[in-house]
Amino acid sequence: MRKSIGVLGLLLLSCVAFAQQPQTPGKEHERLKQMEGAWETVLEAGGMKNKGTTVCKMAVGGMWLVSDLECDMGGLKYYGKGLDSYDSAKKKYVSTWHDSMSGSPMVFVGDYDAAKKIITMSSEGPGPDGKTTKWKSVTQLPDADNMHFSMFVGDGKEPMFTVTYKRKK
């Protein structure tokens with residue numbers, strides 16, 4: 001056991017010694033920081049509107065936006081956690097989503113369109129039928145107090161579900 005801990009320590013020190021300078025928050029992280037705060041949400045899916053709340057906070061040295069969502073979906077509690085950042089090496093936004101309906105995280109990669117104020121990301125993961133499929137998320141940021149999120153499955157033209165966010169005052 002001690003030998004394993006010693007080897008792990010040496011490995012970590014070696015990685016640190018040869019690592020590049022650590023990434024620091026940039027303008028892309030500032031964009032994510034604008035989403036910090038408490039939000040009222042309405043998740044629309046299957047003709048139903050489900051009210052909830054989301055709290056977003058920058059964490060891990062300002063590198064990640066952590067989002068915690070809670071809502072009532074037809075009498076059942078639904079919980080989700082998002083982790084969003086910007087990977088300066090890839091020049092891409094990155095995101096993971098974890099929720100109470102699945103043991104598998106979804107991993108997304110995408111870009112920001114400044115003219116439209118939209119972050120568009122894509123992923124591959126289990127679809128509604130259990131088979132691997134393409135997913136696309138679109139987050140519109142029209143102003144400081146509103147966000148609109150849409151999730152598309154496969155090549156769908158209409159979202160599978162949407163979430164509207166209004167900042168709590």
# chains A, B, ... in the order shown; residues from 1 in each chain; ligands from 1
>>> select_by_dssp(residues="range 43-157 of chain A", states="strand (DSSP E)", output="PyMOL selection string")
chain A and resi 43-45+48-59+64-73+76-87+92-99+106-113+118-126+132-143+146-153
>>> select_by_dssp(residues="chain A", states="alpha helix (DSSP H)", output="PyMOL selection string")
chain A and resi 2-18+27-33
>>> closest_residue(among="A:Ser104, A:Gln23, A:Gln34, A:Thr162", to="Ala144 in chain A", atoms="only C-alpha atoms")
A:Gln34
>>> residues_around(residues="Asn50 in chain A", least_positions_apart="5", cutoff="7 Å", atoms="only C-alpha atoms", output="ChimeraX atom specification")
/A:42-44,71-73
>>> write_last_selection(atoms="C-alpha atoms", output="compact mmCIF listing (two decimals), in the first residue's frame")
# COMPACT_ATOMS: atom_id res chain seq x y z
CA VAL A 42 -40.17 25.76 -16.95
CA LEU A 43 -39.28 22.44 -18.60
CA GLU A 44 -41.64 21.63 -21.48
CA CYS A 71 -38.16 20.23 -10.91
CA ASP A 72 -41.36 18.29 -10.52
CA MET A 73 -42.12 16.11 -13.54
>>> closest_residue(among="A:His29, A:Pro128, A:Asp155, A:Gly46", to="Gly74 in chain A", atoms="only C-alpha atoms")
A:Gly46
>>> residues_around(residues="Tyr86 in chain A", least_positions_apart="3", cutoff="8 Å", atoms="only C-alpha atoms", output="ChimeraX atom specification")
/A:28-29,63,91-94
>>> write_last_selection(atoms="N, CA and C atoms", output="compact mmCIF listing (two decimals), in the first residue's frame")
# COMPACT_ATOMS: atom_id res chain seq x y z
N GLU A 28 -14.31 33.57 -22.26
CA GLU A 28 -15.33 32.53 -22.40
C GLU A 28 -15.90 32.13 -21.04
N HIS A 29 -15.03 32.11 -20.03
CA HIS A 29 -15.49 31.81 -18.67
C HIS A 29 -16.33 32.96 -18.12
N MET A 63 -13.21 28.15 -13.25
CA MET A 63 -13.09 27.44 -14.52
C MET A 63 -14.38 26.74 -14.95
N LYS A 91 -10.36 25.05 -28.10
CA LYS A 91 -11.13 26.23 -28.50
C LYS A 91 -12.61 25.87 -28.66
N LYS A 92 -13.11 25.15 -27.65
CA LYS A 92 -14.50 24.68 -27.65
C LYS A 92 -15.08 24.78 -26.25
N TYR A 93 -16.37 25.04 -26.20
CA TYR A 93 -17.09 24.91 -24.94
C TYR A 93 -17.29 23.43 -24.68
N VAL A 94 -17.24 23.04 -23.43
CA VAL A 94 -17.44 21.65 -23.04
C VAL A 94 -18.47 21.61 -21.91
>>> residues_around(residues="range 75-77 of chain A", least_positions_apart="6", cutoff="12 Å", atoms="only C-alpha atoms", output="list of chain:residue names")
A:Met48, A:Lys49, A:Asn50, A:Lys51, A:Gly52, A:Thr53, A:Leu69, A:Asp99, A:Ser100, A:Met101
>>> closest_residue(among="A:Ser88, A:Ser95, A:Thr41, A:Thr24", to="Val66 in chain A", atoms="only C-alpha atoms")
A:Ser95
>>> closest_residue(among="A:Arg31, A:Lys136, A:His148, A:Lys166", to="Glu124 in chain A", atoms="only C-alpha atoms")
A:Lys136
>>> closest_residue(among="A:Met58, A:Trp39, A:Phe108, A:Leu32", to="Lys169 in chain A", atoms="only C-alpha atoms")
A:Trp39
>>> residues_around(residues="range 114-116 of chain A", least_positions_apart="3", cutoff="10 Å", atoms="only C-alpha atoms", output="list of chain:residue names")
A:Asp111, A:Ile119, A:Gln140, A:Leu141, A:Pro142
>>> write_last_selection(atoms="C-alpha atoms", output="PDB file, in the first residue's frame")
ATOM      1  CA  ASP A 111     -19.248  26.761 -29.987  1.00  0.00           C
ATOM      2  CA  ILE A 119     -24.118  28.210 -27.574  1.00  0.00           C
ATOM      3  CA  GLN A 140     -29.945  31.124 -26.264  1.00  0.00           C
ATOM      4  CA  LEU A 141     -28.779  34.003 -24.053  1.00  0.00           C
ATOM      5  CA  PRO A 142     -30.916  36.980 -25.174  1.00  0.00           C
TER       6      PRO A 142
END
>>> atom_distance(atom1="CA of Gly62 in chain A", atom2="CA of Pro25 in chain A")
6.1 Å
